[in-house]
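protein-v2.cif (mmCIF, C-alpha atoms) appears below.
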data_run
#
loop_
_atom_site.group_PDB
_atom_site.id
_atom_site.type_symbol
_atom_site.label_atom_id
_atom_site.label_comp_id
_atom_site.auth_asym_id
_atom_site.auth_seq_id
_atom_site.Cartn_x
_atom_site.Cartn_y
_atom_site.Cartn_z
ATOM 1 C CA MET A 9 -17.069 -11.851 -31.044
ATOM 2 C CA THR A 10 -15.511 -8.407 -30.816
ATOM 3 C CA THR A 11 -13.601 -6.456 -28.216
ATOM 4 C CA GLU A 12 -14.834 -2.938 -27.480
ATOM 5 C CA VAL A 13 -12.794 -0.175 -25.862
ATOM 6 C CA ILE A 14 -15.299 2.333 -24.456
ATOM 7 C CA ILE A 15 -13.896 5.619 -23.178
ATOM 8 C CA THR A 16 -15.902 6.440 -20.048
ATOM 9 C CA GLY A 17 -14.058 9.632 -19.189
ATOM 10 C CA THR A 18 -11.487 11.860 -20.872
ATOM 11 C CA GLY A 19 -11.234 14.558 -18.237
ATOM 12 C CA THR A 20 -8.818 15.683 -15.557
ATOM 13 C CA PRO A 21 -9.108 16.952 -11.970
ATOM 14 C CA ILE A 22 -10.568 20.187 -13.419
ATOM 15 C CA PRO A 23 -14.384 19.769 -13.532
ATOM 16 C CA SER A 24 -15.865 19.850 -17.019
ATOM 17 C CA GLN A 25 -19.466 19.809 -18.142
ATOM 18 C CA HIS A 26 -18.483 17.693 -21.148
ATOM 19 C CA ARG A 27 -15.900 15.253 -19.804
ATOM 20 C CA ALA A 28 -16.183 12.764 -16.966
ATOM 21 C CA GLY A 29 -13.158 11.799 -14.914
ATOM 22 C CA PRO A 30 -10.549 9.388 -16.289
ATOM 23 C CA GLY A 31 -11.595 5.883 -17.172
ATOM 24 C CA LEU A 32 -12.372 3.321 -19.830
ATOM 25 C CA ALA A 33 -14.244 0.047 -20.110
ATOM 26 C CA ILE A 34 -13.217 -2.964 -22.159
ATOM 27 C CA ARG A 35 -15.884 -5.482 -23.123
ATOM 28 C CA TYR A 36 -15.284 -8.918 -24.628
ATOM 29 C CA GLY A 37 -18.424 -11.036 -24.588
ATOM 30 C CA ASP A 38 -19.594 -11.325 -20.990
ATOM 31 C CA THR A 39 -16.303 -10.034 -19.623
ATOM 32 C CA VAL A 40 -16.566 -6.313 -18.828
ATOM 33 C CA MET A 41 -13.693 -4.495 -17.145
ATOM 34 C CA GLN A 42 -13.509 -0.894 -15.936
ATOM 35 C CA PHE A 43 -10.096 0.770 -15.710
ATOM 36 C CA ASP A 44 -10.048 3.737 -13.309
ATOM 37 C CA ALA A 45 -13.240 5.353 -12.096
ATOM 38 C CA GLY A 46 -13.192 9.131 -12.163
ATOM 39 C CA ARG A 47 -16.171 11.344 -11.447
ATOM 40 C CA GLY A 48 -19.240 10.469 -13.492
ATOM 41 C CA THR A 49 -18.152 6.907 -14.307
ATOM 42 C CA VAL A 50 -21.496 5.385 -13.307
ATOM 43 C CA GLN A 51 -23.402 7.759 -15.594
ATOM 44 C CA ARG A 52 -21.057 7.052 -18.506
ATOM 45 C CA LEU A 53 -21.336 3.282 -18.054
ATOM 46 C CA THR A 54 -25.118 3.638 -18.030
ATOM 47 C CA ALA A 55 -25.003 5.709 -21.223
ATOM 48 C CA ALA A 56 -22.849 2.991 -22.821
ATOM 49 C CA GLY A 57 -25.468 0.374 -22.015
ATOM 50 C CA ILE A 58 -23.357 -1.349 -19.358
ATOM 51 C CA ALA A 59 -25.228 -2.317 -16.196
ATOM 52 C CA LEU A 60 -23.122 -2.201 -13.053
ATOM 53 C CA SER A 61 -24.069 -5.826 -12.433
ATOM 54 C CA ASP A 62 -22.332 -6.662 -15.739
ATOM 55 C CA LEU A 63 -18.915 -5.637 -14.440
ATOM 56 C CA SER A 64 -16.435 -8.483 -14.098
ATOM 57 C CA ALA A 65 -13.732 -6.426 -12.369
ATOM 58 C CA VAL A 66 -12.579 -2.869 -11.718
ATOM 59 C CA PHE A 67 -8.929 -1.784 -11.946
ATOM 60 C CA ALA A 68 -7.013 1.282 -10.762
ATOM 61 C CA THR A 69 -3.767 2.690 -12.113
ATOM 62 C CA HIS A 70 -2.809 4.780 -9.059
ATOM 63 C CA HIS A 71 -4.213 6.615 -6.046
ATOM 64 C CA HIS A 72 -4.806 10.113 -7.419
ATOM 65 C CA SER A 73 -8.326 11.163 -6.467
ATOM 66 C CA ASP A 74 -9.454 11.986 -10.008
ATOM 67 C CA HIS A 75 -8.950 8.322 -10.933
ATOM 68 C CA LEU A 76 -10.677 6.852 -7.863
ATOM 69 C CA ILE A 77 -13.407 9.230 -6.770
ATOM 70 C CA GLY A 78 -16.066 7.409 -8.778
ATOM 71 C CA MET A 79 -15.219 3.977 -7.386
ATOM 72 C CA GLN A 80 -17.281 4.403 -4.213
ATOM 73 C CA ASP A 81 -20.247 5.399 -6.377
ATOM 74 C CA LEU A 82 -19.721 2.379 -8.603
ATOM 75 C CA VAL A 83 -19.555 -0.147 -5.743
ATOM 76 C CA LEU A 84 -22.431 1.387 -3.774
ATOM 77 C CA SER A 85 -24.702 1.880 -6.786
ATOM 78 C CA ARG A 86 -24.071 -1.701 -7.960
ATOM 79 C CA TRP A 87 -25.390 -2.885 -4.588
ATOM 80 C CA VAL A 88 -28.265 -0.415 -4.248
ATOM 81 C CA MET A 89 -29.660 -0.962 -7.741
ATOM 82 C CA GLU A 90 -29.324 -4.751 -7.902
ATOM 83 C CA ARG A 91 -30.969 -5.619 -4.607
ATOM 84 C CA GLN A 92 -32.839 -8.629 -6.012
ATOM 85 C CA MET A 93 -29.746 -10.273 -7.439
ATOM 86 C CA ASP A 94 -27.249 -12.537 -5.724
ATOM 87 C CA LEU A 95 -24.198 -10.673 -6.968
ATOM 88 C CA PRO A 96 -20.737 -12.095 -6.333
ATOM 89 C CA PRO A 97 -18.165 -9.796 -4.735
ATOM 90 C CA LEU A 98 -16.741 -7.383 -7.298
ATOM 91 C CA PRO A 99 -12.975 -7.802 -7.832
ATOM 92 C CA VAL A 100 -11.184 -4.468 -7.310
ATOM 93 C CA VAL A 101 -7.700 -4.939 -8.745
ATOM 94 C CA VAL A 102 -5.177 -2.329 -7.609
ATOM 95 C CA PRO A 103 -1.451 -1.892 -7.083
ATOM 96 C CA ASP A 104 -0.405 -2.673 -3.540
ATOM 97 C CA GLY A 105 0.113 0.502 -1.510
ATOM 98 C CA PRO A 106 -2.036 3.636 -1.210
ATOM 99 C CA ALA A 107 -4.571 2.566 -3.867
ATOM 100 C CA ALA A 108 -5.152 -0.737 -2.060
ATOM 101 C CA SER A 109 -5.474 1.100 1.259
ATOM 102 C CA PHE A 110 -8.101 3.391 -0.266
ATOM 103 C CA ALA A 111 -9.999 0.460 -1.755
ATOM 104 C CA ARG A 112 -10.171 -1.391 1.557
ATOM 105 C CA ARG A 113 -11.488 1.692 3.399
ATOM 106 C CA MET A 114 -13.570 3.380 0.696
ATOM 107 C CA LEU A 115 -16.991 2.492 2.119
ATOM 108 C CA ASP A 116 -16.168 3.270 5.768
ATOM 109 C CA ALA A 117 -17.811 6.696 5.558
ATOM 110 C CA TRP A 118 -21.035 5.061 4.353
ATOM 111 C CA ASP A 119 -21.575 2.691 7.288
ATOM 112 C CA GLU A 120 -24.747 4.453 8.450
ATOM 113 C CA ASP A 121 -26.171 4.677 4.943
ATOM 114 C CA ILE A 122 -25.529 0.981 4.344
ATOM 115 C CA ALA A 123 -27.009 0.017 7.721
ATOM 116 C CA VAL A 124 -30.273 1.913 7.214
ATOM 117 C CA ARG A 125 -30.681 0.576 3.669
ATOM 118 C CA MET A 126 -30.144 -2.979 4.894
ATOM 119 C CA GLU A 127 -32.649 -2.589 7.737
ATOM 120 C CA HIS A 128 -35.280 -0.828 5.621
ATOM 121 C CA ALA A 129 -35.097 -3.268 2.707
ATOM 122 C CA GLY A 130 -34.549 -6.407 4.763
ATOM 123 C CA ARG A 131 -31.188 -7.048 3.196
ATOM 124 C CA THR A 132 -28.700 -9.359 4.866
ATOM 125 C CA GLN A 133 -25.519 -8.493 2.977
ATOM 126 C CA PRO A 134 -23.705 -5.145 2.653
ATOM 127 C CA PRO A 135 -21.906 -4.231 -0.583
ATOM 128 C CA GLU A 136 -19.349 -6.930 -1.268
ATOM 129 C CA TYR A 137 -16.106 -6.495 -3.146
ATOM 130 C CA GLU A 138 -12.735 -8.208 -3.101
ATOM 131 C CA VAL A 139 -9.570 -6.140 -3.104
ATOM 132 C CA ILE A 140 -6.899 -7.856 -5.190
ATOM 133 C CA ALA A 141 -3.675 -5.987 -4.446
ATOM 134 C CA PHE A 142 -0.722 -6.839 -6.647
ATOM 135 C CA PRO A 143 2.958 -5.924 -6.316
ATOM 136 C CA THR A 144 4.224 -3.589 -9.011
ATOM 137 C CA ALA A 145 6.851 -5.157 -11.209
ATOM 138 C CA GLU A 146 9.520 -3.850 -13.542
ATOM 139 C CA GLU A 147 8.135 -6.028 -16.337
ATOM 140 C CA PRO A 148 4.420 -6.471 -17.105
ATOM 141 C CA ALA A 149 2.938 -9.347 -15.100
ATOM 142 C CA GLU A 150 -0.498 -10.952 -15.028
ATOM 143 C CA VAL A 151 -2.812 -9.573 -12.326
ATOM 144 C CA TRP A 152 -6.226 -10.921 -13.393
ATOM 145 C CA ALA A 153 -7.716 -13.314 -15.921
ATOM 146 C CA SER A 154 -11.151 -14.540 -16.948
ATOM 147 C CA ASP A 155 -11.954 -17.079 -19.654
ATOM 148 C CA GLU A 156 -10.092 -15.841 -22.744
ATOM 149 C CA VAL A 157 -9.085 -12.461 -21.305
ATOM 150 C CA ARG A 158 -5.806 -11.708 -19.564
ATOM 151 C CA VAL A 159 -4.809 -8.465 -17.837
ATOM 152 C CA LEU A 160 -1.198 -7.571 -17.095
ATOM 153 C CA ALA A 161 0.119 -4.579 -15.163
ATOM 154 C CA GLY A 162 3.480 -2.867 -15.244
ATOM 155 C CA ARG A 163 5.063 0.077 -13.502
ATOM 156 C CA VAL A 164 4.958 3.463 -15.250
ATOM 157 C CA ARG A 165 6.571 6.813 -14.395
ATOM 158 C CA HIS A 166 4.248 9.181 -12.539
ATOM 159 C CA GLU A 167 6.614 10.250 -9.760
ATOM 160 C CA PRO A 168 6.179 11.438 -7.065
ATOM 161 C CA VAL A 169 3.104 9.178 -7.181
ATOM 162 C CA ARG A 170 4.294 5.677 -6.317
ATOM 163 C CA PRO A 171 3.268 3.141 -7.323
ATOM 164 C CA ALA A 172 1.602 3.941 -10.625
ATOM 165 C CA VAL A 173 0.874 1.320 -13.254
ATOM 166 C CA GLY A 174 -0.448 0.871 -16.755
ATOM 167 C CA PHE A 175 -2.318 -2.157 -18.016
ATOM 168 C CA ARG A 176 -2.128 -4.530 -20.965
ATOM 169 C CA VAL A 177 -5.349 -6.341 -21.872
ATOM 170 C CA GLU A 178 -5.144 -9.383 -24.137
ATOM 171 C CA THR A 179 -8.240 -10.873 -25.774
ATOM 172 C CA PRO A 180 -8.601 -13.200 -28.783
ATOM 173 C CA ASP A 181 -9.208 -10.052 -30.895
ATOM 174 C CA GLY A 182 -5.983 -8.282 -30.012
ATOM 175 C CA VAL A 183 -4.115 -6.280 -27.405
ATOM 176 C CA ILE A 184 -5.050 -2.996 -25.751
ATOM 177 C CA ALA A 185 -2.422 -1.073 -23.760
ATOM 178 C CA ILE A 186 -3.433 1.584 -21.221
ATOM 179 C CA SER A 187 -0.747 4.044 -20.176
ATOM 180 C CA GLY A 188 -2.298 5.288 -16.964
ATOM 181 C CA ASP A 189 -0.799 8.598 -15.859
ATOM 182 C CA THR A 190 2.873 8.724 -16.815
ATOM 183 C CA ILE A 191 5.618 10.428 -18.724
ATOM 184 C CA VAL A 192 6.549 8.865 -22.069
ATOM 185 C CA CYS A 193 8.945 6.118 -21.007
ATOM 186 C CA ASP A 194 10.339 2.671 -21.730
ATOM 187 C CA GLU A 195 7.902 1.191 -19.216
ATOM 188 C CA VAL A 196 4.942 2.187 -21.395
ATOM 189 C CA ALA A 197 6.734 0.701 -24.397
ATOM 190 C CA ALA A 198 6.998 -2.627 -22.561
ATOM 191 C CA LEU A 199 3.254 -2.636 -21.879
ATOM 192 C CA ALA A 200 2.418 -1.649 -25.473
ATOM 193 C CA GLU A 201 4.755 -3.962 -27.382
ATOM 194 C CA GLY A 202 2.712 -5.562 -30.160
ATOM 195 C CA ALA A 203 -0.482 -3.778 -29.094
ATOM 196 C CA ASP A 204 -3.235 -3.002 -31.569
ATOM 197 C CA VAL A 205 -4.649 -0.087 -29.545
ATOM 198 C CA LEU A 206 -2.726 2.211 -27.205
ATOM 199 C CA VAL A 207 -4.756 4.461 -24.896
ATOM 200 C CA TYR A 208 -2.443 7.251 -23.760
ATOM 201 C CA GLU A 209 -2.899 10.174 -21.421
ATOM 202 C CA ALA A 210 -1.961 13.306 -23.352
ATOM 203 C CA MET A 211 -0.729 16.769 -22.436
ATOM 204 C CA ARG A 212 0.234 19.510 -24.875
ATOM 205 C CA PHE A 213 3.429 20.607 -23.136
ATOM 206 C CA GLU A 214 3.841 23.526 -25.530
ATOM 207 C CA LEU A 215 0.692 25.151 -24.136
ATOM 208 C CA ILE A 216 1.415 24.385 -20.481
ATOM 209 C CA GLU A 217 4.904 25.879 -20.841
ATOM 210 C CA ARG A 218 3.248 29.217 -21.690
ATOM 211 C CA LEU A 219 1.349 29.310 -18.391
ATOM 212 C CA PRO A 220 2.695 31.024 -15.257
ATOM 213 C CA GLN A 221 5.537 29.142 -13.584
ATOM 214 C CA PRO A 222 3.463 27.760 -10.651
ATOM 215 C CA ARG A 223 1.530 25.581 -13.103
ATOM 216 C CA HIS A 224 4.652 23.977 -14.556
ATOM 217 C CA PHE A 225 4.875 21.241 -11.913
ATOM 218 C CA ILE A 226 2.380 19.152 -13.914
ATOM 219 C CA LEU A 227 4.975 18.816 -16.655
ATOM 220 C CA ASP A 228 6.927 16.540 -14.299
ATOM 221 C CA TYR A 229 4.661 13.548 -14.575
ATOM 222 C CA HIS A 230 2.472 13.648 -17.670
ATOM 223 C CA ALA A 231 2.969 12.565 -21.297
ATOM 224 C CA ASP A 232 4.018 15.129 -23.919
ATOM 225 C CA THR A 233 2.048 14.794 -27.164
ATOM 226 C CA ARG A 234 5.259 15.588 -29.063
ATOM 227 C CA LEU A 235 6.791 12.374 -27.683
ATOM 228 C CA ILE A 236 3.691 10.153 -27.671
ATOM 229 C CA GLY A 237 3.429 10.016 -31.456
ATOM 230 C CA ARG A 238 7.089 9.140 -31.880
ATOM 231 C CA GLN A 239 6.877 6.284 -29.399
ATOM 232 C CA ALA A 240 3.638 4.930 -30.878
ATOM 233 C CA GLN A 241 5.179 4.925 -34.367
ATOM 234 C CA GLU A 242 8.274 3.098 -33.140
ATOM 235 C CA LEU A 243 6.018 0.482 -31.523
ATOM 236 C CA GLY A 244 3.976 -0.017 -34.696
ATOM 237 C CA ILE A 245 0.687 0.863 -32.997
ATOM 238 C CA GLU A 246 -2.328 0.763 -35.313
ATOM 239 C CA THR A 247 -4.696 2.961 -33.275
ATOM 240 C CA LEU A 248 -3.627 5.613 -30.786
ATOM 241 C CA VAL A 249 -6.332 6.982 -28.466
ATOM 242 C CA LEU A 250 -5.596 10.192 -26.566
ATOM 243 C CA THR A 251 -7.434 10.760 -23.290
ATOM 244 C CA HIS A 252 -7.033 12.639 -19.972
ATOM 245 C CA LEU A 253 -6.608 15.635 -22.267
ATOM 246 C CA ILE A 254 -4.623 18.570 -20.863
ATOM 247 C CA PRO A 255 -5.603 21.276 -21.510
ATOM 248 C CA GLU A 256 -9.176 20.290 -22.339
ATOM 249 C CA PRO A 257 -9.878 21.027 -26.014
ATOM 250 C CA THR A 258 -13.087 23.048 -26.302
ATOM 251 C CA THR A 259 -12.885 24.082 -29.966
ATOM 252 C CA ASP A 260 -12.124 22.304 -33.228
ATOM 253 C CA GLU A 261 -8.855 24.212 -33.433
ATOM 254 C CA GLU A 262 -7.775 23.052 -29.971
ATOM 255 C CA ARG A 263 -8.675 19.456 -30.783
ATOM 256 C CA GLN A 264 -6.699 19.729 -34.024
ATOM 257 C CA GLY A 265 -3.683 20.794 -31.989
ATOM 258 C CA PHE A 266 -3.551 17.383 -30.283
ATOM 259 C CA PHE A 267 -3.885 15.656 -33.642
ATOM 260 C CA ASP A 268 -1.202 17.804 -35.254
ATOM 261 C CA ASP A 269 1.276 17.164 -32.424
ATOM 262 C CA ILE A 270 0.909 13.414 -32.962
ATOM 263 C CA ARG A 271 1.218 13.609 -36.741
ATOM 264 C CA ASN A 272 4.160 16.013 -36.603
ATOM 265 C CA SER A 273 6.026 13.620 -34.330
ATOM 266 C CA GLY A 274 5.820 10.888 -36.961
ATOM 267 C CA PHE A 275 2.828 8.724 -36.127
ATOM 268 C CA GLU A 276 1.138 7.329 -39.249
ATOM 269 C CA GLY A 277 -1.630 5.200 -37.750
ATOM 270 C CA THR A 278 -5.163 6.097 -36.698
ATOM 271 C CA VAL A 279 -5.397 8.904 -34.134
ATOM 272 C CA VAL A 280 -8.437 9.343 -31.885
ATOM 273 C CA VAL A 281 -8.583 12.529 -29.798
ATOM 274 C CA ALA A 282 -11.202 11.006 -27.563
ATOM 275 C CA ASP A 283 -14.506 12.274 -26.313
ATOM 276 C CA ASP A 284 -16.454 10.512 -23.598
ATOM 277 C CA LEU A 285 -18.237 7.399 -24.913
ATOM 278 C CA ASP A 286 -16.034 7.041 -28.006
ATOM 279 C CA VAL A 287 -15.675 3.359 -28.924
ATOM 280 C CA VAL A 288 -12.822 1.529 -30.645
ATOM 281 C CA THR A 289 -13.595 -2.000 -31.810
ATOM 282 C CA LEU A 290 -11.211 -4.905 -32.403
ATOM 283 C CA GLY A 291 -12.014 -8.209 -34.044
ATOM 284 C CA GLY A 292 -15.357 -9.191 -35.439
ATOM 285 C CA ARG A 293 -14.416 -12.592 -36.782
ATOM 286 C CA GLY A 294 -17.899 -13.936 -36.117
#
As structure tokens, the full file:
Amino acid sequence: MTTEVIITGTGTPIPSQHRAGPGLAIRYGDTVMQFDAGRGTVQRLTAAGIALSDLSAVFATHHHSDHLIGMQDLVLSRWVMERQMDLPPLPVVVPDGPAASFARRMLDAWDEDIAVRMEHAGRTQPPEYEVIAFPTAEEPAEVWASDEVRVLAGRVRHEPVRPAVGFRVETPDGVIAISGDTIVCDEVAALAEGADVLVYEAMRFELIERLPQPRHFILDYHADTRLIGRQAQELGIETLVLTHLIPEPTTDEERQGFFDDIRNSGFEGTVVVADDLDVVTLGGRG
């Protein structure tokens, strides 16, 4: 058995022809979890060979639209495409607050579409999902579990967006930490303690600082590559995966800039400046 971390989207709110919106899937055996669902998530899952009916649960880090806009598509498409299957309700695991409110209401605008599909196809059940809203805690706490997999969530620093969380996923193969959107902070360190893989949102502050002043507000709540590497080295992380890349690297030189920032800040492990559908594998003990 192995654990796969599949990057389903490395993009940002700025549309890109090459990068879907933020998200990643983690697969351990029959347990398949999607974390955030930005634009294009359904297409990326399909390209990764993951059927929507395979999903065990979907998680959200916070209520920014670029992290949630693909969730309606995911829930609706799961229902539309698997009409012959008796699918259980899909767990949608979100921090209590605005993200939970969105999740509960996200199909309201599709009432007429759902009704006509049900009537035309003779279906008796609309799309079914279960919102599991959890309180955000200072220390990572379990929010979902299945068989040998455990998922914990902990508060991160993405103010003024509150709450915002990161996740810690524990399987028999190892530990994957997911920063969500955040500054580099002690809260991420708590989630990533002892982790084998750390998936971190990444912004090259040096480049953003050169932009006109009105753009500088995004420096308030994202993670500086010059600090990410230092923290990952202190934590003893083996593999650091950079995603939600700001600004989007479109050349080899720009991609190298992310890598160099991490190396120059002291990180000695494996660095992945991620593209959509990159895969990191843990385990393989047979």
Please check which residues have atoms at most 10 Å from (7.7, 11.7, -29.7) in the file's coordinates, counting all atoms listed in the file, and write them as number ranges by chain.
-> A: 192, 231-242, 269-275
Just C-alpha atoms for this one: save the residues we selected as a compact mmCIF listing (two decimals), in the coordinates of the input.
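Generated file (result-v9.txt):
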# COMPACT_ATOMS: atom_id res chain seq x y z
CA VAL A 192 6.55 8.86 -22.07
CA ALA A 231 2.97 12.56 -21.30
CA ASP A 232 4.02 15.13 -23.92
CA THR A 233 2.05 14.79 -27.16
CA ARG A 234 5.26 15.59 -29.06
CA LEU A 235 6.79 12.37 -27.68
CA ILE A 236 3.69 10.15 -27.67
CA GLY A 237 3.43 10.02 -31.46
CA ARG A 238 7.09 9.14 -31.88
CA GLN A 239 6.88 6.28 -29.40
CA ALA A 240 3.64 4.93 -30.88
CA GLN A 241 5.18 4.92 -34.37
CA GLU A 242 8.27 3.10 -33.14
CA ASP A 269 1.28 17.16 -32.42
CA ILE A 270 0.91 13.41 -32.96
CA ARG A 271 1.22 13.61 -36.74
CA ASN A 272 4.16 16.01 -36.60
CA SER A 273 6.03 13.62 -34.33
CA GLY A 274 5.82 10.89 -36.96
CA PHE A 275 2.83 8.72 -36.13
Once you add 3 Å to each side, what are the centre and edge lengths of the axis-aligned box holding all listed atoms of stretch 249-256 of chain A? One decimal in Å, as JSON, if you can.
{"center_x": -6.9, "center_y": 14.1, "center_z": -24.2, "size_x": 10.6, "size_y": 20.3, "size_z": 14.5}
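Distance-wise, atom CA of A:Gly162 and atom CA of A:Glu150 end up 9.0 Å apart.
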Surrounding residues of A:Val159 excluding itself and chain neighbours under 3 positions, 8 Å, only C-alpha atoms, as an MDAnalysis selection string | chainID A and resid 150:153 175:178
With all atoms listed in the file as the basis for distance, which of A:Leu63, A:Gly188, A:Leu250, A:Ala45 is at the shortest distance from A:Asp286?
->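 Under the stated criterion, the closest residue is A:Leu250.
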Within 12 Å of stretch 199-213 of chain A, which residues of stretch 89-169 of chain A show up? Give each one with its shortest atom-to-atom distance in Å (one decimal) and the two atoms involved, counting only C-alpha atoms, rows by chain then rising residue number, as a tab-separated table.
residue	atom	partner	partner_atom	distance
A:Ala145	CA	A:Leu199	CA	11.5
A:Glu146	CA	A:Leu199	CA	10.5
A:Glu147	CA	A:Leu199	CA	8.1
A:Pro148	CA	A:Leu199	CA	6.2
A:Ala149	CA	A:Leu199	CA	9.5
A:Glu150	CA	A:Leu199	CA	11.4
A:Val159	CA	A:Leu199	CA	10.7
A:Leu160	CA	A:Leu199	CA	8.2
A:Ala161	CA	A:Leu199	CA	7.7
A:Gly162	CA	A:Leu199	CA	6.6
A:Arg163	CA	A:Leu199	CA	9.0
A:Val164	CA	A:Leu199	CA	9.2
A:His166	CA	A:Glu209	CA	11.4
On this file, the PyMOL selection byres ((chain A and resi 21) around 10) gives some set of residues; write that set as a ChimeraX atom specification.
-> /A:19-20,22-24,28-30,46-47,72-75,252
Run through the PyMOL selection byres ((chain A and resi 133) around 12) on the given coordinates and return the selected residues as a ChimeraX atom specification.
-> /A:87-88,91-97,122-123,125-127,129-132,134-137
Determine, using only C-alpha atoms, which residues of stretch 62-180 of chain A have any atom at most 12 Å from an atom of stretch 53-57 of chain A, and tabulate each with its shortest atom pair and distance in Å to one decimal place, rows ordered by chain and then rising number, as JSON lines.
{"residue": "A:Asp62", "atom": "CA", "partner": "A:Gly57", "partner_atom": "CA", "distance": 9.9}
{"residue": "A:Leu63", "atom": "CA", "partner": "A:Leu53", "partner_atom": "CA", "distance": 9.9}
{"residue": "A:Gly78", "atom": "CA", "partner": "A:Leu53", "partner_atom": "CA", "distance": 11.4}
{"residue": "A:Asp81", "atom": "CA", "partner": "A:Leu53", "partner_atom": "CA", "distance": 11.9}
{"residue": "A:Leu82", "atom": "CA", "partner": "A:Leu53", "partner_atom": "CA", "distance": 9.6}
{"residue": "A:Ser85", "atom": "CA", "partner": "A:Thr54", "partner_atom": "CA", "distance": 11.4}
{"residue": "A:Arg86", "atom": "CA", "partner": "A:Thr54", "partner_atom": "CA", "distance": 11.4}
Take the residues from that selection and put them in a file with C-alpha atoms, as a tab-separated table (two decimals), in the frame of the given file.
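selection.tsv written:
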chain	number	residue	atom	x	y	z
A	62	ASP	CA	-22.33	-6.66	-15.74
A	63	LEU	CA	-18.92	-5.64	-14.44
A	78	GLY	CA	-16.07	7.41	-8.78
A	81	ASP	CA	-20.25	5.40	-6.38
A	82	LEU	CA	-19.72	2.38	-8.60
A	85	SER	CA	-24.70	1.88	-6.79
A	86	ARG	CA	-24.07	-1.70	-7.96
Shell around A:Phe67 at 6 Å using only C-alpha atoms, local window under 4 positions removed, as a PyMOL selection string | chain A and resi 43-44+100-102
Work out how far apart atom CA of A:Ala68 and atom CA of A:Leu215 are and give it in Å to one decimal.
->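 Here the two named atoms are 28.4 Å from each other.
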Counting only C-alpha atoms, note down every residue that has an atom within 10 Å of the point (-15.6, -2.8, -27.8) (file coordinates), as a PyMOL selection string.
-> chain A and resi 9-15+33-37+40+286-292
Would you mind reading off the distance between atom CA of A:Ile186 and atom CA of A:Leu227, one decimal, in Å?
->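 Straight-line distance from atom CA of A:Ile186 to atom CA of A:Leu227 works out to 19.7 Å.
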Report the residues retrieved by the PyMOL selection byres ((chain A and resi 229) around 9) from the displayed file, expressed as a ChimeraX atom specification.
-> /A:165-169,189-191,225-228,230-231
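Using all atoms listed in the file, the shortest contact distance between A:Ile58 and any of A:Leu285, A:Ile216, A:Gly244, A:Glu120 is found at A:Leu285.
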